[in-house]
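Trainee: Have a look at the structure that comes next, please.
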Amino acid sequence: MEPLAGKSVLVTRGKPQASAFSEQIEKAGGVAVETPLLTFQLNDTKENYHILTKLHDYSWVFLTSSNGVKFFFELLRRKGITVPETLHFAIIGQKTERMLKAFGYAADFMPTTYDAKTMGKEFFSRSNHVGPILYVRGNRSRDVLPHIFEEKRVFFQSITVYDTLLLKEGKNKLLDMLKREELDALTFTSPSTIQAYQSLVKAAEFNGKHLPCFCIGPTTAEKAERSGFINVFVPKQYTIDHMVEQIIQYFSEEGKR
């Protein structure tokens with residue numbers, strides 16, 4: 001029997017990003033219930049244009065998500081700005097790396113563990129004389145890296161290249177499935193998705209917080225625990241592949257409990 005046979009797993013990623021995740025769940029025999037909670041839009045402002053015209057003043061660009069990469073290069077394209085040959089890229093994660101390569105650039109630094117705290121620690125363990133940094137972020141990004149930059153007393157500038165917006169279209173479907181107990185597991189790939197989920201179920205009698213909750217990394221897991229989820233799981237490596245492996249392991253061992 002397939003390991004996820006008869007199991008319905010909520011996938012909260014956006015449509016463009018959900019397909020690969022869903023395919024892996026369904027390959028293992030499960031049902032991927034795609035209910036995007038967030039959407040993303042370009043933040044095209046005069047302030048951003050002013051920052052990007054001075055791109056040559058920076059030594060490093062920090063990118064912590066594939067959305068950051070995508071919208072950063074979209075802004076450059078719109079403004080007709082080219083990337084200086086002297087610019088270096090520091091990134092988090094395999095998906096971010098793939099997106100960067102899709103635009104024709106390679107990462108100059110990537111931490112061994114895919115979280116901002118490790119990124120800052122390992123980056124500055126190489127040298128404190130790194131030159132000015134441009135930190136590319138979304139409007140809901142956490143301030144872990146800016147705090148580290150301040151502690152290290154390096155010059156940095158933050159640029160918000162995209163906005164994260166709540167999608168309410170799937171609310172009724174989600175609440176109905178929770179009420180009917182048709183979901184066997186929840187998955188979250190960012191603290192923002194948990195915040196969005198909270199917004200949709202906060203007044204509901206059935207909120208699903210007793211269900212196994214699989215989070216892509218410790219930051220997301222911490223948010224889940226603070227939000228009242230009881231059974232929170234984090235894979236050893238913070239990737240979609242390892243999330244799916246952990247879901248399979250959980251349900252394979254379910255009958256042994």
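Residues are referred to by chain and number: the chain letter is A, B, ... according to the order shown in the structure tokens, the number counts from 1 in that chain, and ligands are numbered separately from 1 in the order shown.
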Among stretch 14-139 of chain A, which ones does DSSP place in strand (DSSP E), written as a VMD selection string?
Mentor: chain A and resid 31 to 34 38 to 42 60 to 63 88 to 91 133 to 138
Trainee: Identify, with DSSP run on backbone atoms, the residues in stretch 14-247 of chain A assigned to helix (DSSP H, G or I), and express the list as a VMD selection string.
Mentor: chain A and resid 15 to 27 46 to 52 55 to 57 66 to 79 94 to 102 116 to 126 144 to 152 171 to 179 191 to 201 218 to 226 240 to 247
Trainee: Based on the selection just made, write C-alpha atoms of those residues as a compact mmCIF listing (two decimals), in the first residue's frame.
Mentor:
```txt
# COMPACT_ATOMS: atom_id res chain seq x y z
CA LYS A 15 -0.60 28.04 -7.01
CA PRO A 16 2.71 28.45 -8.88
CA GLN A 17 4.66 26.97 -5.98
CA ALA A 18 2.21 24.29 -4.85
CA SER A 19 2.38 21.93 -7.83
CA ALA A 20 5.72 20.27 -7.04
CA PHE A 21 4.70 19.81 -3.40
CA SER A 22 1.32 18.36 -4.37
CA GLU A 23 2.85 16.00 -6.92
CA GLN A 24 5.08 14.46 -4.25
CA ILE A 25 2.15 13.97 -1.87
CA GLU A 26 0.05 12.36 -4.59
CA LYS A 27 2.96 10.20 -5.74
CA LYS A 46 10.19 55.53 -6.33
CA GLU A 47 12.17 54.67 -3.20
CA ASN A 48 13.04 51.25 -4.61
CA TYR A 49 14.07 52.80 -7.91
CA HIS A 50 16.35 55.23 -6.06
CA ILE A 51 18.00 52.35 -4.18
CA LEU A 52 18.49 50.25 -7.31
CA LEU A 55 23.29 49.14 -6.89
CA HIS A 56 26.95 49.60 -7.75
CA ASP A 57 27.51 50.97 -4.22
CA SER A 66 12.64 32.65 -4.32
CA ASN A 67 10.00 35.41 -4.32
CA GLY A 68 12.69 37.88 -3.28
CA VAL A 69 14.82 36.80 -6.25
CA LYS A 70 11.94 36.91 -8.71
CA PHE A 71 10.68 40.36 -7.74
CA PHE A 72 14.20 41.80 -7.35
CA PHE A 73 15.04 40.94 -10.93
CA GLU A 74 11.59 42.05 -12.12
CA LEU A 75 12.29 45.50 -10.67
CA LEU A 76 15.70 45.59 -12.33
CA ARG A 77 14.11 44.63 -15.66
CA ARG A 78 11.40 47.28 -15.38
CA LYS A 79 13.93 49.99 -14.55
CA GLN A 94 17.87 25.35 -2.76
CA LYS A 95 14.74 26.85 -4.30
CA THR A 96 16.18 30.35 -3.96
CA GLU A 97 19.37 29.07 -5.55
CA ARG A 98 17.46 27.58 -8.49
CA MET A 99 15.58 30.84 -9.01
CA LEU A 100 18.83 32.82 -8.94
CA LYS A 101 20.36 30.48 -11.52
CA ALA A 102 17.29 30.93 -13.71
CA ALA A 116 18.44 33.59 8.69
CA LYS A 117 20.18 33.22 12.05
CA THR A 118 22.59 30.59 10.72
CA MET A 119 23.06 32.64 7.55
CA GLY A 120 24.22 35.67 9.52
CA LYS A 121 26.44 33.66 11.85
CA GLU A 122 28.22 31.74 9.10
CA PHE A 123 28.52 34.71 6.77
CA PHE A 124 30.26 36.90 9.33
CA SER A 125 32.44 34.05 10.59
CA ARG A 126 34.32 34.43 7.31
CA VAL A 144 16.63 38.66 12.08
CA LEU A 145 19.21 39.67 9.48
CA PRO A 146 18.87 43.45 9.98
CA HIS A 147 19.51 42.93 13.70
CA ILE A 148 22.63 40.90 12.91
CA PHE A 149 23.85 43.57 10.50
CA GLU A 150 23.39 46.19 13.21
CA GLU A 151 25.26 44.08 15.75
CA LYS A 152 28.15 43.67 13.31
CA LYS A 171 -11.97 30.22 3.50
CA ASN A 172 -15.36 28.49 3.22
CA LYS A 173 -13.82 25.39 1.65
CA LEU A 174 -11.20 25.20 4.39
CA LEU A 175 -13.67 25.68 7.25
CA ASP A 176 -16.02 23.09 5.76
CA MET A 177 -13.23 20.50 5.48
CA LEU A 178 -12.14 21.15 9.05
CA LYS A 179 -15.71 20.79 10.30
CA PRO A 191 5.27 32.10 9.39
CA SER A 192 3.11 34.22 7.07
CA THR A 193 1.09 31.19 5.96
CA ILE A 194 0.37 30.35 9.59
CA GLN A 195 -0.68 33.94 10.26
CA ALA A 196 -2.99 33.77 7.25
CA TYR A 197 -4.44 30.44 8.41
CA GLN A 198 -5.05 31.97 11.83
CA SER A 199 -6.96 34.85 10.27
CA LEU A 200 -9.28 32.45 8.45
CA VAL A 201 -10.06 30.04 11.31
CA PRO A 218 12.20 26.22 13.03
CA THR A 219 10.93 29.77 12.52
CA THR A 220 7.69 28.51 11.03
CA ALA A 221 7.41 25.82 13.70
CA GLU A 222 7.90 28.39 16.46
CA LYS A 223 5.10 30.47 14.98
CA ALA A 224 2.87 27.38 14.84
CA GLU A 225 3.50 26.53 18.48
CA ARG A 226 2.84 30.11 19.57
CA ILE A 240 9.85 20.43 0.60
CA ASP A 241 11.38 17.02 -0.19
CA HIS A 242 12.23 16.46 3.46
CA MET A 243 8.81 17.70 4.58
CA VAL A 244 7.17 15.05 2.41
CA GLU A 245 9.53 12.40 3.77
CA GLN A 246 8.56 13.38 7.30
CA ILE A 247 4.84 13.25 6.49
```
Trainee: Write out as a Markdown table a residue-level contact list of stretch 108-150 of chain A versus stretch 232-238 of chain A with cut-off 9 Å: for each qualifying residue the closest pair of atoms and the distance in Å to one decimal, counting only C-alpha atoms, rows sorted by chain and residue number upward.
Mentor:
```
| residue | atom | partner | partner_atom | distance |
| --- | --- | --- | --- | --- |
| A:Thr113 | CA | A:Gln237 | CA | 7.5 |
| A:Tyr114 | CA | A:Tyr238 | CA | 6.3 |
| A:Asp115 | CA | A:Tyr238 | CA | 8.5 |
```
Trainee: Would you write out those residues with C-alpha atoms, as a short mmCIF file (atom, residue, chain, number, x, y, z; two decimals), in the first residue's frame?
Mentor:
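Saved the output as again26.cif:
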```
data_model
loop_
_atom_site.label_atom_id
_atom_site.label_comp_id
_atom_site.auth_asym_id
_atom_site.auth_seq_id
_atom_site.Cartn_x
_atom_site.Cartn_y
_atom_site.Cartn_z
CA THR A 113 21.29 25.39 7.44
CA TYR A 114 18.49 27.27 5.73
CA ASP A 115 17.54 29.92 8.27
#
```
Trainee: List as a list of chain:residue names the protein and nucleic acid residues near A:Trp60, meaning an atom at most 8 Å away when only C-alpha atoms are counted, but skip any in the same chain fewer than 5 places from it.
Mentor: A:Leu87, A:His88, A:Phe89, A:Ala90, A:Val130, A:Gly131, A:Pro132, A:Ile133, A:Leu134
Trainee: Which value, in Å to one decimal, gives the distance between atom CA of A:Thr39 and atom CA of A:Gly138?
Mentor: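 The value is 11.8 Å.
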Trainee: For each of A:Phe188, A:Phe109, A:Phe214, A:Phe62, take the minimum atom-to-atom distance to A:Phe156, counting only C-alpha atoms, then give the residue where this is smallest.
Mentor: A:Phe62
Trainee: So which residues touch A:Val11 within 6 Å, counting only C-alpha atoms, skipping near sequence neighbours fewer than 3 positions away, as JSON, numbers by chain?
Mentor: {"A": [33, 34, 187]}
Trainee: Using only C-alpha atoms, pick whichever of A:Thr86, A:Ser65, A:Thr189, A:Glu205 has the shortest atom-to-atom distance to A:Ser141.
Mentor: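 Checking each of A:Thr86, A:Ser65, A:Thr189, A:Glu205 against A:Ser141, counting only C-alpha atoms, the winner is A:Ser65.
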Trainee: Hey, which of A:Asp44, A:Leu166, A:Ala28, A:Glu85 ends up closest to A:Arg13? Count only C-alpha atoms.
Mentor: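 Closest residue, counting only C-alpha atoms: A:Leu166.
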Trainee: Record the distance separating atom CA of A:Val61 and atom CA of A:Pro36, expressed in Å with one decimal.
Mentor: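 Value for the atom CA of A:Val61-atom CA of A:Pro36 distance: 29.0 Å.
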